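> Let me give you the structure first, and then I'll get to my questions.
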Amino acid sequence: MDETKTIRAFFAIELDNNLREQFKKIQQDLITPDCTIKWVDPNKLHLTLKFICHFPLQQIHASKDILLKICQEHPSILFNFNVLGRFPEKGKPTVIWVGSSEVGLSSCLRKLAQAIENALIPLGFAKEERVFTPHVTLGRVKTARKNSTLTKKIETYKIGDNLKQTIDRVTLFQSTLTPAGPIYKTLATFPLR
């Protein structure tokens with residue numbers, strides 16, 4: 001293995017198959033004729049905690065040791081995906097996502113993401129400047145007419161309270177970009193307490 005090589009990688013929460021099926025239904029419900037949306041393949045849906053564009057292979061072992069320790073300091077949580085949102089919050093949407101309106105749950109994931117972020121800085125990884133918002137990206141809006149019905153659909157969509165998952169581990173994925181879309185490979189998993 002070439003130790004000077006870098007890979008695209010990210011630390012994330014994997015979603016169970018039931019949740020992915022429910023999110024696929026939401027994607028289908030949001031299809032509108034006045035928008036072009038690149039939907040994330042339901043089999044690849046996840047909640048990213050930290051993305052690293054250029055992850056040196058030589059740092060993988062050290063980061064695994066750090067992540068194992070960090071994850072043992074954070075409890076498993078039952079996360080309720082109960083809100084549909086978009087980035088940016090105002091103007092034309094560019095990203096459609098599912099997250100939680102429950103402040104305590106979002107705070108738990110925020111603390112975990114921040115701990116990962118802080119632990120990786122001494123290894124030379126840049127700190128993310130954006131505020132972490134726990135979410136699963138469903139799709140990216142490529143084009144939308146000025147008065148698209150998409151924004152109204154997002155604002156009025158009712159998810160309910162049945163989209164829950166116990167988050168009990170963090171996964172390190174390698175991401176390889178291809179013309180057909182990204183290919184994810186699991187490099188390691190780290191159980192939460």
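To be explicit about the labels: the chains of the structure tokens are called A, B, and onward in the order shown, and within each one the residues are counted from 1, while ligands get numbers from 1 in the order they are shown.
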Name all residues at most 10 Å from segment 123-130 of chain A (count only C-alpha atoms; drop same-chain ones fewer than 2 positions away) and give them as a ChimeraX atom specification.

/A:50-56,59,62-63,114,117-121,132-133

> Write the selection just made, keeping N, CA and C atoms, as a PDB file, in the first residue's frame?


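Produced file out16.pdb, reproduced below:
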ATOM      1  N   LYS A  50     -18.133  13.683   9.602  1.00  0.00           N
ATOM      2  CA  LYS A  50     -16.904  14.384   9.210  1.00  0.00           C
ATOM      3  C   LYS A  50     -16.469  13.861   7.853  1.00  0.00           C
ATOM      4  N   PHE A  51     -16.300  14.771   6.894  1.00  0.00           N
ATOM      5  CA  PHE A  51     -15.815  14.418   5.555  1.00  0.00           C
ATOM      6  C   PHE A  51     -14.378  14.884   5.422  1.00  0.00           C
ATOM      7  N   ILE A  52     -13.531  14.041   4.841  1.00  0.00           N
ATOM      8  CA  ILE A  52     -12.132  14.391   4.613  1.00  0.00           C
ATOM      9  C   ILE A  52     -11.822  14.122   3.140  1.00  0.00           C
ATOM     10  N   CYS A  53     -11.609  15.190   2.387  1.00  0.00           N
ATOM     11  CA  CYS A  53     -11.382  15.072   0.947  1.00  0.00           C
ATOM     12  C   CYS A  53     -10.069  14.357   0.630  1.00  0.00           C
ATOM     13  N   HIS A  54      -9.004  14.685   1.360  1.00  0.00           N
ATOM     14  CA  HIS A  54      -7.691  14.083   1.119  1.00  0.00           C
ATOM     15  C   HIS A  54      -7.214  13.420   2.409  1.00  0.00           C
ATOM     16  N   PHE A  55      -7.582  12.170   2.590  1.00  0.00           N
ATOM     17  CA  PHE A  55      -7.265  11.418   3.812  1.00  0.00           C
ATOM     18  C   PHE A  55      -6.017  10.579   3.536  1.00  0.00           C
ATOM     19  N   PRO A  56      -4.859  10.938   4.117  1.00  0.00           N
ATOM     20  CA  PRO A  56      -3.645  10.150   3.879  1.00  0.00           C
ATOM     21  C   PRO A  56      -3.786   8.730   4.429  1.00  0.00           C
ATOM     22  N   GLN A  59      -2.521   7.901   7.822  1.00  0.00           N
ATOM     23  CA  GLN A  59      -3.233   8.386   9.009  1.00  0.00           C
ATOM     24  C   GLN A  59      -4.401   7.480   9.415  1.00  0.00           C
ATOM     25  N   ALA A  62      -3.861   5.619  12.895  1.00  0.00           N
ATOM     26  CA  ALA A  62      -3.920   6.560  14.022  1.00  0.00           C
ATOM     27  C   ALA A  62      -5.342   7.065  14.238  1.00  0.00           C
ATOM     28  N   SER A  63      -6.054   7.351  13.149  1.00  0.00           N
ATOM     29  CA  SER A  63      -7.424   7.851  13.291  1.00  0.00           C
ATOM     30  C   SER A  63      -8.352   6.762  13.829  1.00  0.00           C
ATOM     31  N   GLN A 114     -18.326  16.977  16.995  1.00  0.00           N
ATOM     32  CA  GLN A 114     -17.318  17.927  17.475  1.00  0.00           C
ATOM     33  C   GLN A 114     -16.131  17.196  18.093  1.00  0.00           C
ATOM     34  N   GLU A 117     -14.129  15.856  15.253  1.00  0.00           N
ATOM     35  CA  GLU A 117     -13.453  17.003  14.637  1.00  0.00           C
ATOM     36  C   GLU A 117     -12.217  17.400  15.435  1.00  0.00           C
ATOM     37  N   ASN A 118     -12.392  17.596  16.727  1.00  0.00           N
ATOM     38  CA  ASN A 118     -11.291  18.039  17.588  1.00  0.00           C
ATOM     39  C   ASN A 118     -10.179  17.000  17.687  1.00  0.00           C
ATOM     40  N   ALA A 119     -10.554  15.716  17.699  1.00  0.00           N
ATOM     41  CA  ALA A 119      -9.557  14.650  17.821  1.00  0.00           C
ATOM     42  C   ALA A 119      -8.701  14.512  16.562  1.00  0.00           C
ATOM     43  N   LEU A 120      -9.254  14.888  15.418  1.00  0.00           N
ATOM     44  CA  LEU A 120      -8.520  14.747  14.157  1.00  0.00           C
ATOM     45  C   LEU A 120      -7.621  15.943  13.842  1.00  0.00           C
ATOM     46  N   ILE A 121      -7.832  17.066  14.493  1.00  0.00           N
ATOM     47  CA  ILE A 121      -7.011  18.261  14.240  1.00  0.00           C
ATOM     48  C   ILE A 121      -5.525  17.991  14.494  1.00  0.00           C
ATOM     49  N   PHE A 132     -22.188  22.228  12.396  1.00  0.00           N
ATOM     50  CA  PHE A 132     -22.680  20.887  12.086  1.00  0.00           C
ATOM     51  C   PHE A 132     -24.187  20.823  12.328  1.00  0.00           C
ATOM     52  N   THR A 133     -24.925  20.401  11.313  1.00  0.00           N
ATOM     53  CA  THR A 133     -26.362  20.168  11.406  1.00  0.00           C
ATOM     54  C   THR A 133     -26.605  18.708  11.072  1.00  0.00           C
TER      55      THR A 133
END

> Which parts of segment 27-108 of chain A does DSSP call alpha helix (DSSP H) when run on the backbone here, written out as a PyMOL selection string?

chain A and resi 27-29+60-72+103-108

> For the residues in the current selection, export N, CA and C atoms as a JSON list (two decimals), in the first residue's frame.


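Result file is out_36.json:
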[["chain", "number", "residue", "atom", "x", "y", "z"],
["A", 27, "GLN", "N", -38.40, 10.67, -1.05],
["A", 27, "GLN", "CA", -37.83, 11.14, -2.32],
["A", 27, "GLN", "C", -38.87, 11.09, -3.43],
["A", 28, "GLN", "N", -39.60, 9.98, -3.52],
["A", 28, "GLN", "CA", -40.61, 9.82, -4.56],
["A", 28, "GLN", "C", -41.73, 10.85, -4.40],
["A", 29, "ASP", "N", -42.13, 11.11, -3.15],
["A", 29, "ASP", "CA", -43.19, 12.09, -2.88],
["A", 29, "ASP", "C", -42.78, 13.51, -3.28],
["A", 60, "ILE", "N", -4.70, 6.49, 8.61],
["A", 60, "ILE", "CA", -5.87, 5.66, 8.91],
["A", 60, "ILE", "C", -5.71, 4.92, 10.23],
["A", 61, "HIS", "N", -4.58, 4.31, 10.47],
["A", 61, "HIS", "CA", -4.39, 3.56, 11.71],
["A", 61, "HIS", "C", -4.52, 4.46, 12.93],
["A", 62, "ALA", "N", -3.86, 5.62, 12.89],
["A", 62, "ALA", "CA", -3.92, 6.56, 14.02],
["A", 62, "ALA", "C", -5.34, 7.06, 14.24],
["A", 63, "SER", "N", -6.05, 7.35, 13.15],
["A", 63, "SER", "CA", -7.42, 7.85, 13.29],
["A", 63, "SER", "C", -8.35, 6.76, 13.83],
["A", 64, "LYS", "N", -8.11, 5.52, 13.46],
["A", 64, "LYS", "CA", -8.92, 4.42, 14.00],
["A", 64, "LYS", "C", -8.77, 4.32, 15.51],
["A", 65, "ASP", "N", -7.54, 4.42, 16.00],
["A", 65, "ASP", "CA", -7.29, 4.36, 17.45],
["A", 65, "ASP", "C", -8.01, 5.50, 18.17],
["A", 66, "ILE", "N", -7.93, 6.69, 17.59],
["A", 66, "ILE", "CA", -8.59, 7.86, 18.19],
["A", 66, "ILE", "C", -10.10, 7.69, 18.19],
["A", 67, "LEU", "N", -10.65, 7.26, 17.06],
["A", 67, "LEU", "CA", -12.10, 7.11, 16.95],
["A", 67, "LEU", "C", -12.65, 6.04, 17.88],
["A", 68, "LEU", "N", -11.91, 4.98, 18.05],
["A", 68, "LEU", "CA", -12.35, 3.93, 18.97],
["A", 68, "LEU", "C", -12.53, 4.51, 20.37],
["A", 69, "LYS", "N", -11.56, 5.30, 20.80],
["A", 69, "LYS", "CA", -11.61, 5.93, 22.12],
["A", 69, "LYS", "C", -12.76, 6.94, 22.20],
["A", 70, "ILE", "N", -12.87, 7.81, 21.21],
["A", 70, "ILE", "CA", -13.92, 8.84, 21.19],
["A", 70, "ILE", "C", -15.31, 8.20, 21.27],
["A", 71, "CYS", "N", -15.53, 7.18, 20.46],
["A", 71, "CYS", "CA", -16.86, 6.56, 20.40],
["A", 71, "CYS", "C", -17.22, 5.88, 21.72],
["A", 72, "GLN", "N", -16.24, 5.36, 22.43],
["A", 72, "GLN", "CA", -16.51, 4.73, 23.72],
["A", 72, "GLN", "C", -16.91, 5.75, 24.78],
["A", 103, "VAL", "N", -34.04, 18.91, 19.93],
["A", 103, "VAL", "CA", -32.78, 19.57, 20.23],
["A", 103, "VAL", "C", -31.81, 18.65, 20.97],
["A", 104, "GLY", "N", -32.29, 17.87, 21.91],
["A", 104, "GLY", "CA", -31.42, 16.98, 22.68],
["A", 104, "GLY", "C", -30.74, 15.94, 21.81],
["A", 105, "LEU", "N", -31.49, 15.37, 20.86],
["A", 105, "LEU", "CA", -30.91, 14.36, 19.97],
["A", 105, "LEU", "C", -29.88, 14.99, 19.05],
["A", 106, "SER", "N", -30.22, 16.12, 18.47],
["A", 106, "SER", "CA", -29.27, 16.81, 17.59],
["A", 106, "SER", "C", -28.03, 17.23, 18.37],
["A", 107, "SER", "N", -28.21, 17.63, 19.62],
["A", 107, "SER", "CA", -27.09, 18.03, 20.46],
["A", 107, "SER", "C", -26.14, 16.86, 20.71],
["A", 108, "CYS", "N", -26.69, 15.66, 20.93],
["A", 108, "CYS", "CA", -25.85, 14.46, 21.14],
["A", 108, "CYS", "C", -24.97, 14.20, 19.92]]

> Of the candidates A:Ile96, A:Leu187, A:Val170, A:Leu163, which shows the shortest atom-to-atom distance to Ile37 of chain A, using only C-alpha atoms?

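Under the stated criterion, the closest residue is A:Ile96.
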
> Considering only C-alpha atoms, can you say which of A:Ile26, A:Ala115, A:Val141, A:Leu109 comes closest to Lys158 of chain A?

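Looking only at the distances to Lys158 of chain A, the closest residue turns out to be A:Ile26.
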
> Which residue, A:Val40, A:Ile77, A:Ile7, A:Leu45, has the smallest gap to Leu112 of chain A when you use only C-alpha atoms?

A:Ile77

> Near Asn80 of chain A, within 10 Å and counting only C-alpha atoms, which residues show up once chain neighbours fewer than 6 positions away are dropped, as a PyMOL selection string?

chain A and resi 99-102+105-106+160-166

> Those selected residues, please, written with C-alpha atoms and delivered as a PDB file, in the first residue's frame.


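Generated output (result15.pdb):
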ATOM      1  CA  GLY A  99     -33.102  15.494  10.307  1.00  0.00           C
ATOM      2  CA  SER A 100     -34.542  15.878  13.784  1.00  0.00           C
ATOM      3  CA  SER A 101     -36.381  18.729  15.445  1.00  0.00           C
ATOM      4  CA  GLU A 102     -35.495  17.311  18.853  1.00  0.00           C
ATOM      5  CA  LEU A 105     -30.914  14.358  19.972  1.00  0.00           C
ATOM      6  CA  SER A 106     -29.272  16.813  17.592  1.00  0.00           C
ATOM      7  CA  GLY A 160     -44.389  11.906  11.604  1.00  0.00           C
ATOM      8  CA  ASP A 161     -42.582  10.249  14.494  1.00  0.00           C
ATOM      9  CA  ASN A 162     -42.017   6.721  13.226  1.00  0.00           C
ATOM     10  CA  LEU A 163     -38.650   7.176  11.499  1.00  0.00           C
ATOM     11  CA  LYS A 164     -36.343   6.189  14.332  1.00  0.00           C
ATOM     12  CA  GLN A 165     -33.043   4.380  14.529  1.00  0.00           C
ATOM     13  CA  THR A 166     -30.737   3.473  17.352  1.00  0.00           C
TER      14      THR A 166
END

> Would you compute the distance between atom CA of Lys5 of chain A and atom CA of Pro182 of chain A? Give it in Å to one decimal.

18.8 Å

> Looking only at strand (DSSP E) from DSSP on the backbone, list the matching residues of segment 124-182 of chain A as a list in words.

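In segment 124-182 of chain A, DSSP puts these residues in strand (DSSP E): His135, Val136, Thr137, Leu138, Gly139, Arg140, Val141, Lys142, Thr143, Ala144, Lys164, Gln165, Thr166, Ile167, Arg169, Val170, Thr171, Leu172, Phe173, Gln174, Ser175 and Thr176 of chain A.
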
> May I have the residues from that selection written out with N, CA and C atoms, as a short mmCIF file (atom, residue, chain, number, x, y, z; two decimals), in the first residue's frame?


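Okay, out09.cif is ready:
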data_model
loop_
_atom_site.label_atom_id
_atom_site.label_comp_id
_atom_site.auth_asym_id
_atom_site.auth_seq_id
_atom_site.Cartn_x
_atom_site.Cartn_y
_atom_site.Cartn_z
N HIS A 135 -27.99 15.66 9.64
CA HIS A 135 -28.99 15.45 8.60
C HIS A 135 -28.55 14.35 7.64
N VAL A 136 -29.52 13.82 6.93
CA VAL A 136 -29.28 12.86 5.85
C VAL A 136 -29.69 13.57 4.56
N THR A 137 -28.76 13.73 3.64
CA THR A 137 -29.06 14.37 2.36
C THR A 137 -29.85 13.40 1.49
N LEU A 138 -31.05 13.85 1.08
CA LEU A 138 -31.89 13.03 0.19
C LEU A 138 -31.61 13.35 -1.27
N GLY A 139 -31.33 14.61 -1.56
CA GLY A 139 -31.10 14.99 -2.95
C GLY A 139 -30.52 16.39 -3.07
N ARG A 140 -29.98 16.65 -4.27
CA ARG A 140 -29.42 17.97 -4.58
C ARG A 140 -30.21 18.55 -5.75
N VAL A 141 -30.70 19.76 -5.56
CA VAL A 141 -31.50 20.41 -6.59
C VAL A 141 -30.56 21.00 -7.64
N LYS A 142 -30.71 20.53 -8.88
CA LYS A 142 -29.86 20.99 -9.97
C LYS A 142 -30.47 22.21 -10.66
N THR A 143 -31.76 22.14 -10.96
CA THR A 143 -32.47 23.28 -11.55
C THR A 143 -33.88 23.32 -10.97
N ALA A 144 -34.38 24.55 -10.83
CA ALA A 144 -35.75 24.74 -10.35
C ALA A 144 -36.28 26.03 -10.95
N LYS A 164 -37.33 6.20 13.25
CA LYS A 164 -36.34 6.19 14.33
C LYS A 164 -35.30 5.11 14.09
N GLN A 165 -34.11 5.37 14.59
CA GLN A 165 -33.04 4.38 14.53
C GLN A 165 -32.14 4.55 15.74
N THR A 166 -31.74 3.42 16.30
CA THR A 166 -30.74 3.47 17.35
C THR A 166 -29.38 3.67 16.69
N ILE A 167 -28.73 4.75 17.06
CA ILE A 167 -27.39 5.04 16.54
C ILE A 167 -26.42 4.48 17.57
N ARG A 169 -23.13 3.13 16.47
CA ARG A 169 -21.76 3.01 15.95
C ARG A 169 -21.51 4.10 14.91
N VAL A 170 -20.23 4.36 14.68
CA VAL A 170 -19.76 5.27 13.64
C VAL A 170 -18.97 4.42 12.65
N THR A 171 -19.12 4.71 11.38
CA THR A 171 -18.42 3.97 10.33
C THR A 171 -17.49 4.90 9.56
N LEU A 172 -16.30 4.43 9.29
CA LEU A 172 -15.36 5.14 8.41
C LEU A 172 -15.50 4.52 7.02
N PHE A 173 -15.89 5.36 6.06
CA PHE A 173 -16.06 4.93 4.68
C PHE A 173 -15.00 5.54 3.79
N GLN A 174 -14.58 4.79 2.79
CA GLN A 174 -13.82 5.34 1.67
C GLN A 174 -14.84 5.63 0.59
N SER A 175 -14.69 6.76 -0.09
CA SER A 175 -15.59 7.15 -1.17
C SER A 175 -14.80 7.28 -2.45
N THR A 176 -15.15 6.48 -3.45
CA THR A 176 -14.50 6.54 -4.75
C THR A 176 -15.51 7.09 -5.75
#

> May I ask for the distance between atom CA of Phe87 of chain A and atom CA of Gln22 of chain A, given in Å to one decimal place?

21.0 Å

> For the atom pair atom CA of Trp97 of chain A and atom CA of Thr156 of chain A, what is the interatomic distance in Å to one decimal place?

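Spanning atom CA of Trp97 of chain A to atom CA of Thr156 of chain A is a straight-line distance of 13.9 Å.
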